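This report concerns only the one structure given below.
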Amino acid sequence: MPDDAPDRLADGAQTLAADKVAAKQADARRDSYATWVAGTTELPRAADGHFYADAEINGSRVGFLVDTGASVVALTGADARAAGLIWSSADVRPVAQGASGPVSGVAVTLDSVTLGGHEARDVAAVIVPEGLPISLLGQSFLSTIQPVRIEQDRMVLGE
């Protein structure tokens, strides 16, 4: 082994570490830029106390109840069909536990969900063919927006 091999290995490790730090900083700048470009989306509180939003699923408009307590986006059967999603009754299985018992549906991944200037790709969701009166905009999408906050009678998504 050449005499300077340990020094070259140390230099290589430092370069690798510096590259990783630079990559993380670039990711942070890109994420900050994406948030800046997206801006904020404000949703007024409805008379029933909830927040509602029209978003696009795979390019199709869907009306949602914003549900910060839902783990994933949940689509009614009608909204899923409107967004071009196809499933059969054989695909339906228990997918969640709701307040009134097990919820049956089909787990899917949505190509894109867009609300205002915010877009997320490959979003986990479930199709609930029966028993869900309105689609729910859950954490699998909301967690892609920072911050999500409530100020008086409006929900503010993004900065």
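Please note that chains go A, B, ... in the order of the structure tokens, that every chain numbers its residues from 1, and that ligands are numbered from 1 in the order shown.
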Query - Near-Gly138 of chain A list (8 Å; only C-alpha atoms; drop same-chain fewer than 5 positions) as a ChimeraX atom specification - result: /A:66-74
Q) Near His50 of chain A, counting only C-alpha atoms, which residues have an atom at most 9 Å away, once you skip same-chain residues fewer than 2 positions from it, shown as a PyMOL selection string? A) chain A and resi 44-48+52+65-67
Strand (DSSP E or B) call set, DSSP backbone run, segment 92-156 of chain A, as a PyMOL selection string: chain A and resi 93-98+101-115+118-128+135-137+148-151+154-156
May I ask which of the residues A:Ser89, A:Ser140, A:Ala55, A:Arg154 is the closest one to Thr109 of chain A, counting only C-alpha atoms?
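Nearest to Thr109 of chain A: A:Ser140.
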- Query: By how many Å are atom CA of Val126 of chain A and atom CA of Ala80 of chain A apart?
  - Reply: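 Atom CA of Ala80 of chain A lies 9.2 Å from atom CA of Val126 of chain A.
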Using only C-alpha atoms, the shortest atom-to-atom distance to Thr114 of chain A among A:Ile150, A:Ile57, A:Ala96, A:Ala82 belongs to A:Ile57
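Residues in contact with Ala90 of chain A at 12 Å, where only C-alpha atoms are counted and same-chain residues fewer than 6 positions away are skipped, are listed as Ser104, Gly105, Val106 and Pro129 of chain A.
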Expected file: the selected residues, N, CA, C and O atoms, as a PDB file, in the first residue's frame:
ATOM      1  N   SER A 104     -64.436  -0.830   4.103  1.00  0.00           N
ATOM      2  CA  SER A 104     -63.974  -1.649   2.979  1.00  0.00           C
ATOM      3  C   SER A 104     -63.721  -0.768   1.768  1.00  0.00           C
ATOM      4  O   SER A 104     -64.466   0.179   1.498  1.00  0.00           O
ATOM      5  N   GLY A 105     -62.659  -1.102   1.046  1.00  0.00           N
ATOM      6  CA  GLY A 105     -62.315  -0.331  -0.134  1.00  0.00           C
ATOM      7  C   GLY A 105     -61.173  -0.969  -0.883  1.00  0.00           C
ATOM      8  O   GLY A 105     -60.842  -2.134  -0.671  1.00  0.00           O
ATOM      9  N   VAL A 106     -60.578  -0.177  -1.741  1.00  0.00           N
ATOM     10  CA  VAL A 106     -59.481  -0.632  -2.586  1.00  0.00           C
ATOM     11  C   VAL A 106     -58.320   0.350  -2.420  1.00  0.00           C
ATOM     12  O   VAL A 106     -58.486   1.551  -2.656  1.00  0.00           O
ATOM     13  N   PRO A 129     -66.076   2.339  -2.328  1.00  0.00           N
ATOM     14  CA  PRO A 129     -67.181   2.322  -3.293  1.00  0.00           C
ATOM     15  C   PRO A 129     -68.552   2.610  -2.695  1.00  0.00           C
ATOM     16  O   PRO A 129     -69.420   3.151  -3.372  1.00  0.00           O
TER      17      PRO A 129
END
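Around segment 58-62 of chain A, within 10 Å and counting only C-alpha atoms, the residues found are Ala53, Asp54, Leu75, Thr76, Ala78, Asp79, Ala80, Arg81, Ala82, Ala83, Gly84, Leu85, Leu110, Asp111, Ser112, Val113, Thr114, Leu115, Arg121, Ile134, Ser135, Leu136 and Leu137 of chain A, once anything fewer than 4 positions away on its own chain is removed.
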Residues as selected, N, CA and C atoms, written as a PDB file, in the first residue's frame, can you do that?
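Printed below is out.pdb as written:
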ATOM      1  N   ALA A  53     -62.533  21.619  -0.186  1.00  0.00           N
ATOM      2  CA  ALA A  53     -61.637  22.054  -1.258  1.00  0.00           C
ATOM      3  C   ALA A  53     -61.943  21.286  -2.534  1.00  0.00           C
ATOM      4  N   ASP A  54     -61.778  21.961  -3.644  1.00  0.00           N
ATOM      5  CA  ASP A  54     -61.814  21.298  -4.945  1.00  0.00           C
ATOM      6  C   ASP A  54     -60.374  21.067  -5.358  1.00  0.00           C
ATOM      7  N   LEU A  75     -61.492   8.277  -1.616  1.00  0.00           N
ATOM      8  CA  LEU A  75     -62.363   8.684  -2.718  1.00  0.00           C
ATOM      9  C   LEU A  75     -63.659   7.895  -2.708  1.00  0.00           C
ATOM     10  N   THR A  76     -64.764   8.592  -2.965  1.00  0.00           N
ATOM     11  CA  THR A  76     -66.014   7.881  -3.191  1.00  0.00           C
ATOM     12  C   THR A  76     -65.887   7.101  -4.494  1.00  0.00           C
ATOM     13  N   ALA A  78     -67.890   7.187  -7.014  1.00  0.00           N
ATOM     14  CA  ALA A  78     -68.197   8.076  -8.139  1.00  0.00           C
ATOM     15  C   ALA A  78     -66.999   8.974  -8.477  1.00  0.00           C
ATOM     16  N   ASP A  79     -66.347   9.532  -7.446  1.00  0.00           N
ATOM     17  CA  ASP A  79     -65.192  10.400  -7.704  1.00  0.00           C
ATOM     18  C   ASP A  79     -64.027   9.607  -8.289  1.00  0.00           C
ATOM     19  N   ALA A  80     -63.837   8.388  -7.817  1.00  0.00           N
ATOM     20  CA  ALA A  80     -62.760   7.538  -8.350  1.00  0.00           C
ATOM     21  C   ALA A  80     -62.999   7.239  -9.832  1.00  0.00           C
ATOM     22  N   ARG A  81     -64.242   6.905 -10.177  1.00  0.00           N
ATOM     23  CA  ARG A  81     -64.556   6.643 -11.590  1.00  0.00           C
ATOM     24  C   ARG A  81     -64.331   7.896 -12.433  1.00  0.00           C
ATOM     25  N   ALA A  82     -64.749   9.055 -11.909  1.00  0.00           N
ATOM     26  CA  ALA A  82     -64.565  10.318 -12.635  1.00  0.00           C
ATOM     27  C   ALA A  82     -63.081  10.609 -12.872  1.00  0.00           C
ATOM     28  N   ALA A  83     -62.212  10.137 -11.950  1.00  0.00           N
ATOM     29  CA  ALA A  83     -60.768  10.344 -12.085  1.00  0.00           C
ATOM     30  C   ALA A  83     -60.118   9.248 -12.919  1.00  0.00           C
ATOM     31  N   GLY A  84     -60.936   8.355 -13.487  1.00  0.00           N
ATOM     32  CA  GLY A  84     -60.403   7.326 -14.371  1.00  0.00           C
ATOM     33  C   GLY A  84     -59.867   6.093 -13.671  1.00  0.00           C
ATOM     34  N   LEU A  85     -60.189   5.918 -12.391  1.00  0.00           N
ATOM     35  CA  LEU A  85     -59.713   4.748 -11.651  1.00  0.00           C
ATOM     36  C   LEU A  85     -60.686   3.585 -11.835  1.00  0.00           C
ATOM     37  N   LEU A 110     -52.477   7.354  -6.369  1.00  0.00           N
ATOM     38  CA  LEU A 110     -52.895   8.373  -7.333  1.00  0.00           C
ATOM     39  C   LEU A 110     -51.662   8.977  -7.993  1.00  0.00           C
ATOM     40  N   ASP A 111     -51.711   9.084  -9.315  1.00  0.00           N
ATOM     41  CA  ASP A 111     -50.581   9.664 -10.037  1.00  0.00           C
ATOM     42  C   ASP A 111     -50.297  11.081  -9.559  1.00  0.00           C
ATOM     43  N   SER A 112     -51.364  11.886  -9.416  1.00  0.00           N
ATOM     44  CA  SER A 112     -51.160  13.261  -8.959  1.00  0.00           C
ATOM     45  C   SER A 112     -52.404  13.779  -8.254  1.00  0.00           C
ATOM     46  N   VAL A 113     -52.141  14.640  -7.274  1.00  0.00           N
ATOM     47  CA  VAL A 113     -53.191  15.378  -6.573  1.00  0.00           C
ATOM     48  C   VAL A 113     -52.738  16.828  -6.573  1.00  0.00           C
ATOM     49  N   THR A 114     -53.615  17.718  -7.044  1.00  0.00           N
ATOM     50  CA  THR A 114     -53.267  19.131  -7.141  1.00  0.00           C
ATOM     51  C   THR A 114     -54.337  19.963  -6.458  1.00  0.00           C
ATOM     52  N   LEU A 115     -53.882  20.871  -5.598  1.00  0.00           N
ATOM     53  CA  LEU A 115     -54.771  21.813  -4.919  1.00  0.00           C
ATOM     54  C   LEU A 115     -54.081  23.161  -4.932  1.00  0.00           C
ATOM     55  N   ARG A 121     -47.253  13.831  -6.141  1.00  0.00           N
ATOM     56  CA  ARG A 121     -47.295  12.673  -7.036  1.00  0.00           C
ATOM     57  C   ARG A 121     -47.234  11.404  -6.210  1.00  0.00           C
ATOM     58  N   ILE A 134     -68.700  11.802   0.906  1.00  0.00           N
ATOM     59  CA  ILE A 134     -67.857  12.789   0.224  1.00  0.00           C
ATOM     60  C   ILE A 134     -66.417  12.302   0.314  1.00  0.00           C
ATOM     61  N   SER A 135     -65.632  12.594  -0.699  1.00  0.00           N
ATOM     62  CA  SER A 135     -64.215  12.220  -0.682  1.00  0.00           C
ATOM     63  C   SER A 135     -63.492  13.020   0.391  1.00  0.00           C
ATOM     64  N   LEU A 136     -62.465  12.404   0.979  1.00  0.00           N
ATOM     65  CA  LEU A 136     -61.710  13.010   2.066  1.00  0.00           C
ATOM     66  C   LEU A 136     -60.286  13.309   1.614  1.00  0.00           C
ATOM     67  N   LEU A 137     -59.833  14.510   1.871  1.00  0.00           N
ATOM     68  CA  LEU A 137     -58.459  14.890   1.558  1.00  0.00           C
ATOM     69  C   LEU A 137     -57.639  14.690   2.825  1.00  0.00           C
TER      70      LEU A 137
END
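With only C-alpha atoms as the atoms that count, the residue of A:Phe141, A:Gly117, A:Ile127, A:Phe51 with the shortest distance to Gly158 of chain A is A:Gly117.
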